[in-house]
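Everything on this sheet refers to the single structure shown next.
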Amino acid sequence: MKYSEWEATVSTEIKQDSVWRMEAYRLALFLADLAWHDASKLMKEPFSQRVAGQLYESAGSVGANIAEGYSRGTGRDRARFYEYALGSARECRHWYYQSRHVLGEEIFQHRLGILTQIIRLLLRTIPQQRQTVLREDSAVYTTSNVPDAPLPTTEIEATNAPYTHVSRFTFHERTDLAHIETSLESGVVARRGETVMVSGQGCWMVDSEGNRYLDLASSQGVAMLGYGHPALSAAIAEQAQRLHACPGFFYNDTRARFLEALIGVMPDHLRHAFVANSGAEAIDGAIKFARLTTGRTGIVAAKGSFHGRTIGALSLTWNPKYRTPFEPLLPGVSHVKYNDLAELDAAISEETAAVVLETVQGEGGVNLGEAEFLQGAQALCRARGALLVIDEIQTGFGRTGKWFGFQHFGLQPDIIALAKGVGAGFPMGALVYTDRVQEALFVGAHGSTFGGNPLACAAGLAALRAYQDENLIERAEEAGQRLRTRLEEALADCRVVREIRGPGLMIGIDLRTKVGPYLKTLMEDQRVLTLPAGTTVLRLLPPLIINDEEIEIGVAAIATALSE
């Protein structure tokens with residue numbers, strides 16, 4: 001339906017309301033009517049029924065919040081409701097991306113155009129309303145100093161919406177972006193061709209040429225909520241405007257709320273936390289805390305492990321290609337065969353401060369820990385006074401179908417190291433630990449300039465709430481089971497596949513040959529992003545929000561690539 005056709009059907013009573021003068025409100029009502037038809041279409045497909053209600057509700061709340069804000073007069077109250085409307089518009093945009101393949105490209109582009117115009121109008125209006133308040137309060141700082149959020153700069157073909165809008169970012173004909181990185185950056189990270197990624201939505205990434213890729217790797221396992229998640233994006237934006245940095249020697253409201261939420265999802269014996277900036281930092285902190293708690297220096301890790309690339313974390317990592325160029329590393333570190341309890345028993349001595357293990361070795365090949373080994377490791381640590389440290393950097397926050405990997409085995413670790421999912425892609429890490437460890441700490445024992453900053457904590461708090469509100473931990477188990485089942489069906493006759501394994505949405509496809517060429521084929525020919533794990537394992541770490549349709553797309557692409 002064209003806007004002019006829709007406007008002709010609007011009742012005189014609605015048009016006589018003074019809020020009708022607002023262009024954003026008129027567009028929001030138009031969108032709400034269209035969303036009702038779109039939701040009806042989505043309800044006909046089993047895998048998109050969940051999205052239908054979310055899409056319709058978010059579309060309706062845009063106009064409702066604009067109307068409520070308009071009724072509040074000028075200033076702070078009006079701006080607040082317009083911000084609610086802005087958040088609803090962004091959320092609605094997210095749900096349209098999720099349903100793009102069902103609704104079709106033409107409808108998707110049309111709705112995206114309307115939403116883009118609504119967002120632009122609100123971004124212009126909100127600062128004006130805030131400015132009114134600030135002038136009334138005689139404040140020195142005004143939000144006119146804050147530029148509007150970046151918006152696309154070139155337009156696409158006209159749609160049936162009342163205006164022509166933008167559907168994707170463009171980059172002013174820059175074709176040298178890959179060259180710039182190659183010439184100016186360190187070069188220590190292997191690149192996958194010349195592809196330049198510029199945006200993402202849901203489980204999809206988009207490159208500078210407009211190609212869309214289904215991301216089954218979550219940017220190295222961090223984008224647990226996918227890209228552009230409305231709650232995560234809004235929390236980061238709001239905190240950035242309010243207070244983005246705060247040193248640890250001050251208390252901070254956002255940090256306090258994050259810590260409360262983080263400990264709230266832990267088992268009862270893990271009652272304390274230190275917030276860091278990465279997984280490697282978390283491992284380094286675990287080494288320090290274990291040494292301080294026990295008065296010992298030795299660390300036992302596992303062959304096949306990967307714990308990070310700082311000197312401390314690298315000392316625990318097994319792969320010689322990472323370790324050898326930087327030796328000598330920390331003294332007192334030994335490695336035992338994974339899942340070999342007898343070898344672990346022999347390695348733990350009266351000098352051992354900690355045993356550091358992954359419940360699933362991700363980088364090492366999606367190697368599954370056995371209950372006898374992991375539970376035996378805990379018993380040995382208890383008997384000999386060492387701490388059990390579980391690296392949950394990759395397995396934490398629903399990746400394995402439970403909040404944390406150690407919960408599959410009934411373990412009670414002394415310390416767990418967290419990163420990746422803790423901020424759903426925003427850089428942060430954390431240590432969570434027991435009373436015994438806390439009692440050994442003292443002021444100055446550890447610290448971080450950026451650790452626990454309000455911006456990271458806002459992201460972490462939003463991520464934790466999303467995992468809970470959207471039931472993503474439970475859903476990861478269900479989606480993972482479906483993904484494994486469909487892979488087993490699709491690859492049953494594929495001679496190159498040796499085994500498919502892994503819990504939840506952490507899946508390894510073990511091949512009889514090197515995995516490298518298949519990573520390239522999947523990306524270049526199928527537009528699907530995956531990871532290696534060791535030399536022969538194709539690793540899948542999709543966002544927890546992946547839907548059934550995206551699972552089917554991914555499975556079909558993998559089956560095609562591995563059959564060639």
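A note on labels: chains of the structure tokens are A, B, ... as shown, every chain counts residues from 1, and ligands are counted from 1 in their shown order.
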
Residue list (helix (DSSP H, G or I), DSSP) for range 386-500 of chain A, as an MDAnalysis selection string: chainID A and resid 405:409 420:422 435:440 454:469 472:490

For Tyr227 in chain A: contacts at 6 Å, only C-alpha atoms, fewer than 6 positions along chain excluded, given as a PyMOL selection string: chain A and resi 200-202

Top pick for closest residue to Gly193 in chain A, considering A:Glu327, A:Glu23, A:Glu350, A:Glu524 and counting only C-alpha atoms: A:Glu524

Could you pull out the strand (DSSP E or B) residues of range 309-424 of chain A from DSSP and send them as an mmCIF file with N, CA and C atoms, in the first residue's frame?
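So the final result, stored in result.cif, reads:
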data_model
loop_
_atom_site.group_PDB
_atom_site.id
_atom_site.type_symbol
_atom_site.label_atom_id
_atom_site.label_comp_id
_atom_site.auth_asym_id
_atom_site.auth_seq_id
_atom_site.Cartn_x
_atom_site.Cartn_y
_atom_site.Cartn_z
ATOM 1 N N VAL A 333 54.664 -24.281 34.847
ATOM 2 C CA VAL A 333 53.446 -24.686 34.139
ATOM 3 C C VAL A 333 53.673 -26.019 33.449
ATOM 4 N N SER A 334 52.780 -26.976 33.647
ATOM 5 C CA SER A 334 52.870 -28.276 32.977
ATOM 6 C C SER A 334 51.550 -28.576 32.289
ATOM 7 N N HIS A 335 51.620 -29.465 31.308
ATOM 8 C CA HIS A 335 50.433 -29.845 30.537
ATOM 9 C C HIS A 335 50.252 -31.356 30.572
ATOM 10 N N VAL A 336 48.994 -31.780 30.727
ATOM 11 C CA VAL A 336 48.675 -33.204 30.738
ATOM 12 C C VAL A 336 47.701 -33.513 29.603
ATOM 13 N N THR A 352 51.395 -27.159 43.397
ATOM 14 C CA THR A 352 50.385 -26.776 42.409
ATOM 15 C C THR A 352 49.404 -25.775 43.007
ATOM 16 N N ALA A 353 49.337 -24.598 42.432
ATOM 17 C CA ALA A 353 48.372 -23.586 42.868
ATOM 18 C C ALA A 353 47.007 -23.825 42.246
ATOM 19 N N ALA A 354 46.968 -24.247 40.975
ATOM 20 C CA ALA A 354 45.688 -24.404 40.294
ATOM 21 C C ALA A 354 45.791 -25.381 39.140
ATOM 22 N N VAL A 355 44.676 -26.008 38.871
ATOM 23 C CA VAL A 355 44.464 -26.776 37.644
ATOM 24 C C VAL A 355 43.482 -25.968 36.800
ATOM 25 N N VAL A 356 43.871 -25.644 35.571
ATOM 26 C CA VAL A 356 43.061 -24.791 34.699
ATOM 27 C C VAL A 356 42.589 -25.625 33.511
ATOM 28 N N LEU A 357 41.273 -25.756 33.364
ATOM 29 C CA LEU A 357 40.703 -26.627 32.326
ATOM 30 C C LEU A 357 39.534 -25.963 31.612
ATOM 31 N N VAL A 360 34.939 -27.813 27.380
ATOM 32 C CA VAL A 360 35.026 -28.167 25.957
ATOM 33 C C VAL A 360 36.198 -27.377 25.403
ATOM 34 N N GLN A 361 37.132 -28.054 24.786
ATOM 35 C CA GLN A 361 38.265 -27.357 24.186
ATOM 36 C C GLN A 361 37.850 -26.839 22.812
ATOM 37 N N ASN A 367 36.841 -30.473 21.511
ATOM 38 C CA ASN A 367 37.065 -31.717 22.243
ATOM 39 C C ASN A 367 36.232 -31.705 23.517
ATOM 40 N N LEU A 368 35.436 -32.731 23.721
ATOM 41 C CA LEU A 368 34.488 -32.756 24.833
ATOM 42 C C LEU A 368 35.140 -33.325 26.088
ATOM 43 N N LEU A 387 43.536 -25.034 43.578
ATOM 44 C CA LEU A 387 42.266 -24.487 43.122
ATOM 45 C C LEU A 387 41.898 -25.070 41.766
ATOM 46 N N LEU A 388 40.619 -25.261 41.541
ATOM 47 C CA LEU A 388 40.121 -25.671 40.231
ATOM 48 C C LEU A 388 39.622 -24.426 39.507
ATOM 49 N N VAL A 389 40.271 -24.092 38.411
ATOM 50 C CA VAL A 389 39.898 -22.937 37.591
ATOM 51 C C VAL A 389 39.301 -23.460 36.290
ATOM 52 N N ILE A 390 38.078 -23.044 35.997
ATOM 53 C CA ILE A 390 37.428 -23.445 34.748
ATOM 54 C C ILE A 390 37.379 -22.251 33.807
ATOM 55 N N ASP A 391 37.935 -22.437 32.635
ATOM 56 C CA ASP A 391 37.924 -21.414 31.585
ATOM 57 C C ASP A 391 36.585 -21.491 30.858
ATOM 58 N N ILE A 415 37.376 -20.787 40.783
ATOM 59 C CA ILE A 415 37.415 -19.576 39.948
ATOM 60 C C ILE A 415 36.906 -19.949 38.563
ATOM 61 N N ILE A 416 36.125 -19.069 37.961
ATOM 62 C CA ILE A 416 35.813 -19.231 36.537
ATOM 63 C C ILE A 416 36.240 -17.953 35.810
ATOM 64 N N ALA A 417 36.784 -18.134 34.610
ATOM 65 C CA ALA A 417 37.211 -17.020 33.767
ATOM 66 C C ALA A 417 36.168 -16.808 32.680
ATOM 67 N N LEU A 418 35.753 -15.560 32.495
ATOM 68 C CA LEU A 418 34.668 -15.229 31.572
ATOM 69 C C LEU A 418 35.124 -14.167 30.575
#

Residues within 10 Å of Gly480 in chain A, only C-alpha atoms, excluding chain neighbours under 3 positions, as a list in words: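 Final neighbour list, sorted by chain and number: Arg399, Thr400, Gly401, Arg475, Ala476, Glu477, Leu483, Arg484, Thr485, Arg486, Gly502, Pro503, Gly504, Leu505, Met506, Ile507, Leu541, Pro542, Leu544, Ile546 and Ile551 of chain A.
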
Close residues, range 278-294 of chain A itself excluded, 8 Å, only C-alpha atoms, min 2 positions apart in chain, as a PyMOL selection string: chain A and resi 276+296-297+299+307-310+312-313+353-354+385-387+389+391+393+415-420+427-431+436-437+440-441+446

Contact residues around Glu91 in chain A with only C-alpha atoms at 9 Å, ignoring same-chain residues under 5 positions, as a VMD selection string: chain A and resid 54 to 55 58 to 59 86 96 228 to 231

Next, write the just-selected residues to a file, as a PDB file, in the first residue's frame, keeping C-alpha atoms as the atom set.
ATOM      1  CA  GLN A  54       7.408  -9.006  18.518  1.00  0.00           C
ATOM      2  CA  LEU A  55       7.289  -7.168  15.208  1.00  0.00           C
ATOM      3  CA  SER A  58       7.238  -2.962  18.554  1.00  0.00           C
ATOM      4  CA  ALA A  59       5.652  -1.265  15.523  1.00  0.00           C
ATOM      5  CA  LEU A  86      13.183   5.582  19.041  1.00  0.00           C
ATOM      6  CA  TYR A  96      11.998  -6.903  10.144  1.00  0.00           C
ATOM      7  CA  GLY A 228      22.175  -4.678  16.211  1.00  0.00           C
ATOM      8  CA  HIS A 229      20.272  -6.219  19.110  1.00  0.00           C
ATOM      9  CA  PRO A 230      17.955  -3.373  20.168  1.00  0.00           C
ATOM     10  CA  ALA A 231      18.401  -3.692  23.930  1.00  0.00           C
TER      11      ALA A 231
END
